[in-house]
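Step one of this worksheet: look at the structure below.
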Amino acid sequence: MAEIKSDIQIAQEQAGNMKHIREIAQVAAVPEKYLEQYGNYKAKVDYNILNDLKDKPDGKLILVTAITPTPAGEGKTTTTVGLGDGLRKIGKKSSIALREPSLGPVFGVKGGAAGGGYAQVVPMEDINLHFTGDFHAIGAANNLLAAMIDNHIWHGNALNIDPRKITWRRCVDMNDRQLRNIVDGLGGKANGSPREDGYDITVASEIMAVLCLAKDVTDLKERLARIIVGYTYDDADKNQKPVTCGDLKAQGAMAALLKDALKPNLVQTLENTPAFVHGGPFANIAHGCNSVTATRIALKLGEYCVTEAGFGADLGAEKFLDIKCRMAGLKPDAVVVVATVRALKMHGGVPKNELGNGENLDALKKGLPNLLQHVENITTVYKLPAVVAINAFPTDTKAELDLVEAECKKLGVNVALSEVWAHGGDGGVALAKEVVRLAESGAPNSFTFSYDDNATILEKLEAIAKKIYRADAVELVGSAVKQIKELEALGFGKAPICMAKTQYSFSDDAAKLGAPRGFKVTVRNLKISAGAGFIVALTGDIMTMPGLSKSPAAERIDVDANGKISGLF
């Protein structure tokens, strides 16, 4: 049996095929004056290019999403990359718009986020590690604001900030459960004021969301200034007031740290398709989409922009459609829902260690409702044309593939076999052809959101929970009822909702696989991200700082005397 090579082995073997980033910029039609090189294979693209392109029509926008993830893997980013390459194979000028990987999952359990097999973006080691320093800049800006809050209090607290009501947390781009809840400011008066504090992972920082939604430095500074960091002490005559980043005069310095991070990064696939990799919010605790700027540049420069949104369609796609498209005025031309037979069998009750035991149509039938609910959400709730991409495994049988196709046909959706992991763009040609058919043949596309801007906060929560998750109701617990009233009183009632929910289930309980029914979604906390422009609703026991597993990937990552990295996947 032939050796199955790891993603990093394939990427390193193919390194000789990489083209200089100037050549990739020419393929992408990026003028040299907007290109800022970071070595031979990475560059930043100045967002001012959009001023020159404002009168150019947009290309087609293709969103790649997936079923509810399982440990068996789905391959959403791999499919995105392979589809971009496949579109080039059939003569379409395509580019890819992806998020940047977080160091937390890279060293944790999930691994990198640069695709896989022969459908990868490269240089994969750089992209998965420090890349161009964007995440470090975001973390520095976040923590500068945190430092300025406590410094303001230490120097007399002219803004009357109540230390018990500071909502701004520090961040680090690492899975470090020890930092979720801390006490800082210890050591006496000279070292600050003791208070409870905590860290989020950098991708959950509001700064990440702001960066991904801002269109230029001016917009960036305005969004930063609106960030609410806490509230004042209660006054006998009036209620507490929000304290903003602008009140602390921090937005200018923060923008200075972020000015280069605001520019999208340009790299390439193994087949030299241009790829804009920029921003990296998680879809389970943030809005899960790459930057609006990167997407807009890709749309202006080519015929097709293929982008992905994190985790399953109930998270990433919902936020892409209800938040990103709403704010940026975008409209997808087609949606790809990625699934694997293996993952569907896991949703049907098969343990991961038994997935190699051969054909199991009964388990597949039990797991298929998960795929069908995601597809139905795209076609009936959002009214968008869709195709199901089956990420092929050698263990898939014809009967299993036929069953998936037959069930999808009942919803009026075609299935395309994707073999991009093994064959790159050639393995994505069938999918590319179906995507082009949907995008160019006048397939029904009456794109709409899952809720109206003018709905109340509770109505928006219920719309997502009932329409997308198929929950019976939303249950508000703890301070959630009070928080809704406060947010609406502060004028944030029309803001979109960013649900923070487990990625492993339609429900807020990770153990409920498939397409569960008869459950409630428990909302325990609501927080305004005024700079990003949305309300974050924390459900179930979701946390904004992950932890490492018992045997994290970090144990297997190494570098040799020549600087060659191993163990990344």
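Here's how to read the names in the structure tokens: chain A, B, ... by the order shown, residue numbers from 1 in each chain, ligand numbers from 1 in the order shown.
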Near-Ala334 of chain A list (6 Å; only C-alpha atoms; drop same-chain fewer than 5 positions) as an NGL selection string: :A and (62 or 385-386 or 439)
Those selected residues, please, written with N, CA and C atoms and delivered as an mmCIF file, in the first residue's frame.
data_model
loop_
_atom_site.group_PDB
_atom_site.id
_atom_site.type_symbol
_atom_site.label_atom_id
_atom_site.label_comp_id
_atom_site.auth_asym_id
_atom_site.auth_seq_id
_atom_site.Cartn_x
_atom_site.Cartn_y
_atom_site.Cartn_z
ATOM 1 N N ILE A 62 -18.837 32.792 -4.594
ATOM 2 C CA ILE A 62 -19.186 31.415 -4.256
ATOM 3 C C ILE A 62 -18.805 31.151 -2.804
ATOM 4 N N PRO A 385 -29.075 29.213 -4.551
ATOM 5 C CA PRO A 385 -28.781 27.945 -5.225
ATOM 6 C C PRO A 385 -27.617 27.235 -4.555
ATOM 7 N N ALA A 386 -27.688 25.905 -4.474
ATOM 8 C CA ALA A 386 -26.666 25.155 -3.756
ATOM 9 C C ALA A 386 -26.303 23.872 -4.493
ATOM 10 N N ALA A 439 -24.244 29.462 -11.076
ATOM 11 C CA ALA A 439 -23.970 30.902 -11.027
ATOM 12 C C ALA A 439 -24.307 31.616 -12.328
#
DSSP alpha helix (DSSP H) residues within segment 159-394 of chain A, listed as a PyMOL selection string: chain A and resi 206-213+217-226+251-258+292-301+318-319+325-328+341-347+361-376
For the selection just defined, write its residues with C-alpha atoms to a file, as a PDB file, in the first residue's frame.
ATOM      1  CA  GLU A 206     -13.562  42.276  18.848  1.00  0.00           C
ATOM      2  CA  ILE A 207     -10.436  43.774  17.236  1.00  0.00           C
ATOM      3  CA  MET A 208     -10.360  40.768  14.885  1.00  0.00           C
ATOM      4  CA  ALA A 209     -13.988  41.364  13.890  1.00  0.00           C
ATOM      5  CA  VAL A 210     -13.354  45.096  13.435  1.00  0.00           C
ATOM      6  CA  LEU A 211     -10.341  44.427  11.217  1.00  0.00           C
ATOM      7  CA  CYS A 212     -12.357  42.022   9.069  1.00  0.00           C
ATOM      8  CA  LEU A 213     -15.226  44.483   8.604  1.00  0.00           C
ATOM      9  CA  VAL A 217      -7.981  53.278   8.192  1.00  0.00           C
ATOM     10  CA  THR A 218     -10.645  55.948   8.685  1.00  0.00           C
ATOM     11  CA  ASP A 219     -13.381  53.332   9.076  1.00  0.00           C
ATOM     12  CA  LEU A 220     -11.056  51.289  11.294  1.00  0.00           C
ATOM     13  CA  LYS A 221     -10.511  54.200  13.697  1.00  0.00           C
ATOM     14  CA  GLU A 222     -14.224  54.989  13.816  1.00  0.00           C
ATOM     15  CA  ARG A 223     -15.041  51.365  14.634  1.00  0.00           C
ATOM     16  CA  LEU A 224     -12.294  51.144  17.256  1.00  0.00           C
ATOM     17  CA  ALA A 225     -13.541  54.334  18.915  1.00  0.00           C
ATOM     18  CA  ARG A 226     -17.045  52.805  19.271  1.00  0.00           C
ATOM     19  CA  GLN A 251      -8.136  54.397  18.805  1.00  0.00           C
ATOM     20  CA  GLY A 252      -5.292  56.271  17.112  1.00  0.00           C
ATOM     21  CA  ALA A 253      -2.502  54.228  18.670  1.00  0.00           C
ATOM     22  CA  MET A 254      -4.435  51.006  18.092  1.00  0.00           C
ATOM     23  CA  ALA A 255      -4.932  51.888  14.421  1.00  0.00           C
ATOM     24  CA  ALA A 256      -1.199  52.583  14.131  1.00  0.00           C
ATOM     25  CA  LEU A 257      -0.543  49.019  15.287  1.00  0.00           C
ATOM     26  CA  LEU A 258      -3.123  47.686  12.816  1.00  0.00           C
ATOM     27  CA  VAL A 292     -14.602  42.098   3.614  1.00  0.00           C
ATOM     28  CA  THR A 293     -11.685  43.899   1.955  1.00  0.00           C
ATOM     29  CA  ALA A 294     -10.052  40.670   0.768  1.00  0.00           C
ATOM     30  CA  THR A 295     -13.379  39.401  -0.579  1.00  0.00           C
ATOM     31  CA  ARG A 296     -14.077  42.666  -2.401  1.00  0.00           C
ATOM     32  CA  ILE A 297     -10.609  42.745  -3.981  1.00  0.00           C
ATOM     33  CA  ALA A 298     -10.990  39.150  -5.156  1.00  0.00           C
ATOM     34  CA  LEU A 299     -14.438  39.918  -6.589  1.00  0.00           C
ATOM     35  CA  LYS A 300     -13.149  42.941  -8.503  1.00  0.00           C
ATOM     36  CA  LEU A 301     -10.059  41.257  -9.920  1.00  0.00           C
ATOM     37  CA  GLU A 318     -25.352  31.864   8.862  1.00  0.00           C
ATOM     38  CA  LYS A 319     -22.950  34.610   9.957  1.00  0.00           C
ATOM     39  CA  CYS A 325     -23.358  40.076   3.492  1.00  0.00           C
ATOM     40  CA  ARG A 326     -25.753  42.388   5.344  1.00  0.00           C
ATOM     41  CA  MET A 327     -22.991  44.810   6.354  1.00  0.00           C
ATOM     42  CA  ALA A 328     -20.997  44.692   3.114  1.00  0.00           C
ATOM     43  CA  VAL A 341     -19.846   9.870   3.918  1.00  0.00           C
ATOM     44  CA  ARG A 342     -17.633   9.162   6.937  1.00  0.00           C
ATOM     45  CA  ALA A 343     -18.867  12.205   8.845  1.00  0.00           C
ATOM     46  CA  LEU A 344     -22.493  11.486   7.993  1.00  0.00           C
ATOM     47  CA  LYS A 345     -22.091   7.960   9.365  1.00  0.00           C
ATOM     48  CA  MET A 346     -20.714   9.464  12.578  1.00  0.00           C
ATOM     49  CA  HIS A 347     -23.846  11.630  12.758  1.00  0.00           C
ATOM     50  CA  LEU A 361     -26.263   2.341   4.765  1.00  0.00           C
ATOM     51  CA  ASP A 362     -28.351   2.303   7.945  1.00  0.00           C
ATOM     52  CA  ALA A 363     -25.985   4.665   9.761  1.00  0.00           C
ATOM     53  CA  LEU A 364     -25.729   6.843   6.666  1.00  0.00           C
ATOM     54  CA  LYS A 365     -29.538   7.131   6.505  1.00  0.00           C
ATOM     55  CA  LYS A 366     -29.614   8.160  10.158  1.00  0.00           C
ATOM     56  CA  GLY A 367     -26.886  10.788   9.609  1.00  0.00           C
ATOM     57  CA  LEU A 368     -28.176  12.231   6.341  1.00  0.00           C
ATOM     58  CA  PRO A 369     -30.733  14.565   8.007  1.00  0.00           C
ATOM     59  CA  ASN A 370     -27.796  16.691   9.169  1.00  0.00           C
ATOM     60  CA  LEU A 371     -26.720  17.354   5.574  1.00  0.00           C
ATOM     61  CA  LEU A 372     -30.287  17.788   4.372  1.00  0.00           C
ATOM     62  CA  GLN A 373     -31.085  20.366   7.067  1.00  0.00           C
ATOM     63  CA  HIS A 374     -28.033  22.443   6.121  1.00  0.00           C
ATOM     64  CA  VAL A 375     -28.974  22.252   2.434  1.00  0.00           C
ATOM     65  CA  GLU A 376     -32.593  23.128   3.135  1.00  0.00           C
TER      66      GLU A 376
END
Distance query segment 481-485 of chain A at most 10 Å, only C-alpha atoms, self and fewer than 6 positions along chain excluded, as number ranges by chain: A: 456-458, 475, 492-493, 523-528, 535
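Between atom CA of Leu266 of chain A and atom CA of Asp173 of chain A lies a distance of 21.8 Å.
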Go through segment 502-561 of chain A residue by residue and, counting only C-alpha atoms, keep those with an atom at most 12 Å from segment 118-139 of chain A; for each kept residue give the shortest atom pair and its distance in Å to one decimal, ordered by chain and increasing number, as JSON lines.
{"residue": "A:Ile557", "atom": "CA", "partner": "A:Glu125", "partner_atom": "CA", "distance": 11.1}
{"residue": "A:Asp558", "atom": "CA", "partner": "A:Glu125", "partner_atom": "CA", "distance": 11.6}
{"residue": "A:Val559", "atom": "CA", "partner": "A:Glu125", "partner_atom": "CA", "distance": 11.0}
Deliver the residues from the most recent selection as a file, using all heavy atoms, as an mmCIF file, in the first residue's frame.
data_model
loop_
_atom_site.group_PDB
_atom_site.id
_atom_site.type_symbol
_atom_site.label_atom_id
_atom_site.label_comp_id
_atom_site.auth_asym_id
_atom_site.auth_seq_id
_atom_site.Cartn_x
_atom_site.Cartn_y
_atom_site.Cartn_z
ATOM 1 N N ILE A 557 5.142 18.669 16.671
ATOM 2 C CA ILE A 557 5.709 19.670 15.764
ATOM 3 C C ILE A 557 7.158 19.914 16.127
ATOM 4 O O ILE A 557 7.509 20.043 17.304
ATOM 5 C CB ILE A 557 4.885 20.979 15.817
ATOM 6 C CG1 ILE A 557 3.474 20.735 15.284
ATOM 7 C CG2 ILE A 557 5.568 22.087 15.022
ATOM 8 C CD1 ILE A 557 2.525 21.901 15.465
ATOM 9 N N ASP A 558 8.018 19.972 15.104
ATOM 10 C CA ASP A 558 9.453 20.139 15.362
ATOM 11 C C ASP A 558 10.088 20.880 14.187
ATOM 12 O O ASP A 558 9.453 21.082 13.138
ATOM 13 C CB ASP A 558 10.103 18.768 15.537
ATOM 14 C CG ASP A 558 11.428 18.828 16.297
ATOM 15 O OD1 ASP A 558 11.864 19.948 16.642
ATOM 16 O OD2 ASP A 558 12.026 17.766 16.521
ATOM 17 N N VAL A 559 11.332 21.268 14.361
ATOM 18 C CA VAL A 559 12.104 21.911 13.295
ATOM 19 C C VAL A 559 13.523 21.369 13.364
ATOM 20 O O VAL A 559 14.078 21.176 14.454
ATOM 21 C CB VAL A 559 12.076 23.456 13.447
ATOM 22 C CG1 VAL A 559 12.625 23.902 14.782
ATOM 23 C CG2 VAL A 559 12.805 24.136 12.293
#
Neighbour list for segment 440-455 of chain A as a PyMOL selection string, cut-off 6 Å, only C-alpha atoms, skip fewer than 6 positions in-chain: chain A and resi 322+382-384+494
Pull N, CA and C atoms from the residues just selected and write them as a PDB file, in the first residue's frame.
ATOM      1  N   ASP A 322     -25.954  36.486   7.263  1.00  0.00           N
ATOM      2  CA  ASP A 322     -26.733  37.423   8.081  1.00  0.00           C
ATOM      3  C   ASP A 322     -25.910  38.605   8.593  1.00  0.00           C
ATOM      4  N   TYR A 382     -32.515  31.002   3.091  1.00  0.00           N
ATOM      5  CA  TYR A 382     -31.765  32.075   2.419  1.00  0.00           C
ATOM      6  C   TYR A 382     -32.060  32.183   0.931  1.00  0.00           C
ATOM      7  N   LYS A 383     -32.737  31.177   0.379  1.00  0.00           N
ATOM      8  CA  LYS A 383     -33.184  31.179  -1.019  1.00  0.00           C
ATOM      9  C   LYS A 383     -32.020  31.336  -2.005  1.00  0.00           C
ATOM     10  N   LEU A 384     -30.981  30.532  -1.773  1.00  0.00           N
ATOM     11  CA  LEU A 384     -29.797  30.559  -2.631  1.00  0.00           C
ATOM     12  C   LEU A 384     -29.613  29.218  -3.328  1.00  0.00           C
ATOM     13  N   LYS A 494     -31.173  47.125  16.843  1.00  0.00           N
ATOM     14  CA  LYS A 494     -31.207  46.737  15.433  1.00  0.00           C
ATOM     15  C   LYS A 494     -29.947  46.008  14.969  1.00  0.00           C
TER      16      LYS A 494
END
DSSP strand (DSSP E or B) residues within segment 410-565 of chain A, listed as number ranges by chain: A: 414-418, 473-476, 497-500, 520-529, 534-539, 558-559, 565
